[in-house]
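A.B. asks: My structure is below; once you've seen it, I'll send some questions.
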Amino acid sequence: ELVSLDHLDAFVQRVAINPAEDKLAYEAVRFTSTPEPDQERFPFLEVIDLSNPMHPTRLAENYGGDRALAWSPDGEWLAFGEYDDQQVLQVVISRPDGSERYQITRFTDPNANIYTLRWSPDGKSLAFHYDQSIYDPDLSLVVVSNLPANPTVNVLKNDSITNFGYFWWQSQNTIGVWSGSVYWVDAANSQVVDVLPEAEIPEGFIQFPRPFGDLGLIGFFSSSTDFYYIFDTHSRALERMVNARDPLSGIIPFEDLHLTPVTFPGEEMCQDLP
């Protein structure tokens with residue numbers, strides 16, 4: 001247990017620890033009294049120093065978005081969603097102590113939502129999903145560069161990509177996008193710089209692709225998660241791992257979904273948690 005938040009008169013919905021593991025940001029909802037289904041909620045965002053958790057810093061009074069909370073790689077900034085005075089959801093970046101903050105978007109649609117904030121490896125750009133309207137879903141992938149003080153907003157668009165689904169930063173300037181096939185897109189001009197077509201996979205499917213840090217590797221399931229593959233983005237070598245399903249039950253053990261099928265420096269020092 002890192003810290004207890006039982007003293008809060010609120011329901012904590014999301015937490016994020018900084019890279020140095022000495023600060024914790026959390027989103028919480030406070031009710032005016034016993035919560036009822038139709039009762040007004042008051043979401044807020046705070047940061048605490050784990051060495052002094054009873055003295056939080058309030059960063060947002062009207063927090064919003066879904067998975068819209070992310071520390072920069074160096075831990076100097078926190079990105080999050082917050083409703084402005086017109087009740088339009090915007091993206092804000094702030095120092096953990098609140099001493100410096102910037103609203104880096106100027107959206108105007110009050111029905112839009114923000115999902116999944118992700119920083120570039122150098123901490124100078126931020127990418128996220130933007131849902132134009134809950135009544136007419138139009139999921140876009142937005143990149144804000146030149147952070148912190150001079151944000152430039154770019155909506156990625158490419159006719160080859162029908163849906164900007166799950167994404168990750170492959171490098172400082174390249175974003176990997178899963179849209180049936182896996183595409184690597186230049187974050188500045190939306191040009192596809194590489195692609196792994198799902199037709200090249202023996203089973204013809206790519207599911208749940210995930211990068212392995214900065215190793216230049218991605219892993220994914222195929223054919224209803226029957227097989228697991230490792231793809232090397234440098235050599236374009238494709239390796240099929242053992243059958244991912246339990247031969248007796250036919251079920252994939254949940255814990256196996258999080259095991260890394262590659263070695264990494266320092267792995268021999270890791271130990272299983274009790």
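Note on naming: chains are A, B, ... as they come in the structure tokens, residues start from 1 per chain, ligands start from 1 in the order shown.
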May I have the residues within 10 Å of Gly165 of chain A as a list in words, using only C-alpha atoms and disregarding those fewer than 6 positions away in the same chain?

C.D. replies: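 Listing them by chain and then by number gives His129, Leu139, Ser140, Leu141, Gly176, Val177, Trp178, Ser179 and Gly180 of chain A.
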
A.B. asks: List every residue of segment 175-239 of chain A that DSSP, applied to the backbone, labels as strand (DSSP E), and write the result as JSON, numbers by chain.

C.D. replies: {"A": [175, 176, 177, 178, 179, 181, 182, 183, 184, 185, 186, 192, 193, 194, 195, 196, 207, 208, 209, 210, 211, 217, 218, 219, 220, 221, 222, 227, 228, 229, 230, 231, 232, 238, 239]}

A.B. asks: Skipping near chain neighbours, those fewer than 3 positions away, what residues fall within 10 Å of Val155 of chain A using only C-alpha atoms, listed as number ranges by chain?

C.D. replies: A: 127-130, 140-144, 158, 187-190

A.B. asks: Nearest residue to Ser51 of chain A out of A:Arg67, A:Arg30, A:Lys157, A:Lys23, using only C-alpha atoms?

C.D. replies: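 Under the stated criterion, the closest residue is A:Lys23.
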
A.B. asks: Using only C-alpha atoms for the distances, tell me which of A:Ile175, A:Glu198, A:Trp168, A:Val193 is nearest to Pro211 of chain A.

C.D. replies: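 Of A:Ile175, A:Glu198, A:Trp168, A:Val193, the one nearest Pro211 of chain A is A:Trp168, counting only C-alpha atoms.
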
A.B. asks: Applying 12 Å and only C-alpha atoms, which residues near Ile201 of chain A remain after dropping the ones on its own chain fewer than 3 positions away? List them as a ChimeraX atom specification.

C.D. replies: /A:180-182,196-198,204-207,220-223,227-231,237-240

A.B. asks: I'd like the contact shell of Thr105 of chain A - 9 Å cut-off, only C-alpha atoms, skipping same-chain residues fewer than 3 positions apart - returned as a PyMOL selection string.

C.D. replies: chain A and resi 90-92+144+151-153

A.B. asks: Could you save the residues just selected, with N, CA, C and O atoms, as a short mmCIF file (atom, residue, chain, number, x, y, z; two decimals), in the first residue's frame?

C.D. replies:
```cif
data_model
loop_
_atom_site.label_atom_id
_atom_site.label_comp_id
_atom_site.auth_asym_id
_atom_site.auth_seq_id
_atom_site.Cartn_x
_atom_site.Cartn_y
_atom_site.Cartn_z
N GLN A 90 -11.74 20.61 -22.08
CA GLN A 90 -10.46 21.00 -22.64
C GLN A 90 -9.35 20.13 -22.05
O GLN A 90 -9.55 19.42 -21.07
N VAL A 91 -8.15 20.20 -22.66
CA VAL A 91 -6.97 19.54 -22.12
C VAL A 91 -6.08 20.60 -21.49
O VAL A 91 -5.80 21.64 -22.09
N VAL A 92 -5.66 20.33 -20.27
CA VAL A 92 -4.83 21.24 -19.50
C VAL A 92 -3.56 20.51 -19.08
O VAL A 92 -3.60 19.31 -18.78
N VAL A 144 -1.07 17.39 -29.87
CA VAL A 144 -0.69 18.76 -29.52
C VAL A 144 0.81 18.78 -29.31
O VAL A 144 1.34 18.09 -28.43
N PRO A 151 1.41 25.58 -27.79
CA PRO A 151 0.79 24.37 -28.32
C PRO A 151 0.28 24.53 -29.75
O PRO A 151 -0.30 25.54 -30.11
N THR A 152 0.57 23.51 -30.55
CA THR A 152 0.06 23.43 -31.92
C THR A 152 -0.79 22.18 -32.04
O THR A 152 -0.31 21.07 -31.78
N VAL A 153 -2.05 22.34 -32.42
CA VAL A 153 -3.00 21.23 -32.46
C VAL A 153 -3.11 20.69 -33.88
O VAL A 153 -3.29 21.45 -34.84
#
```

A.B. asks: Separation of atom CA of Arg106 of chain A and atom CA of Leu156 of chain A, in Å?

C.D. replies: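 Distance between the two atoms: 16.8 Å.
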
A.B. asks: What gap, in Å, lies between atom CA of Pro19 of chain A and atom CA of Gly123 of chain A?

C.D. replies: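 Result for atom CA of Pro19 of chain A versus atom CA of Gly123 of chain A: 12.5 Å, one decimal.
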
A.B. asks: Given the choices A:Trp184, A:Phe167, A:Tyr115, A:Phe80, which gets closest to Asp131 of chain A if the distance is worked out from only C-alpha atoms?

C.D. replies: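 Of all the options, A:Tyr115 lies closest to Asp131 of chain A.
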
A.B. asks: Let me make sure I understand: among A:Asp97, A:Pro121, A:Asn163, A:Val12, which one has the smallest atom-to-atom distance to Gly213 of chain A if we use only C-alpha atoms?

C.D. replies: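 The shortest atom-to-atom distance to Gly213 of chain A comes from A:Pro121.
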
A.B. asks: Using only C-alpha atoms, find the one residue out of A:Leu8, A:Ile93, A:Leu147, A:Ile161 that sits nearest to Leu69 of chain A.

C.D. replies: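 The answer is A:Ile93, which sits nearest to Leu69 of chain A.
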
A.B. asks: Would you please work out which residue, of A:Asn18, A:Glu76, A:Ile114, A:Asp9, is nearest to Phe44 of chain A when using only C-alpha atoms?

C.D. replies: A:Asp9
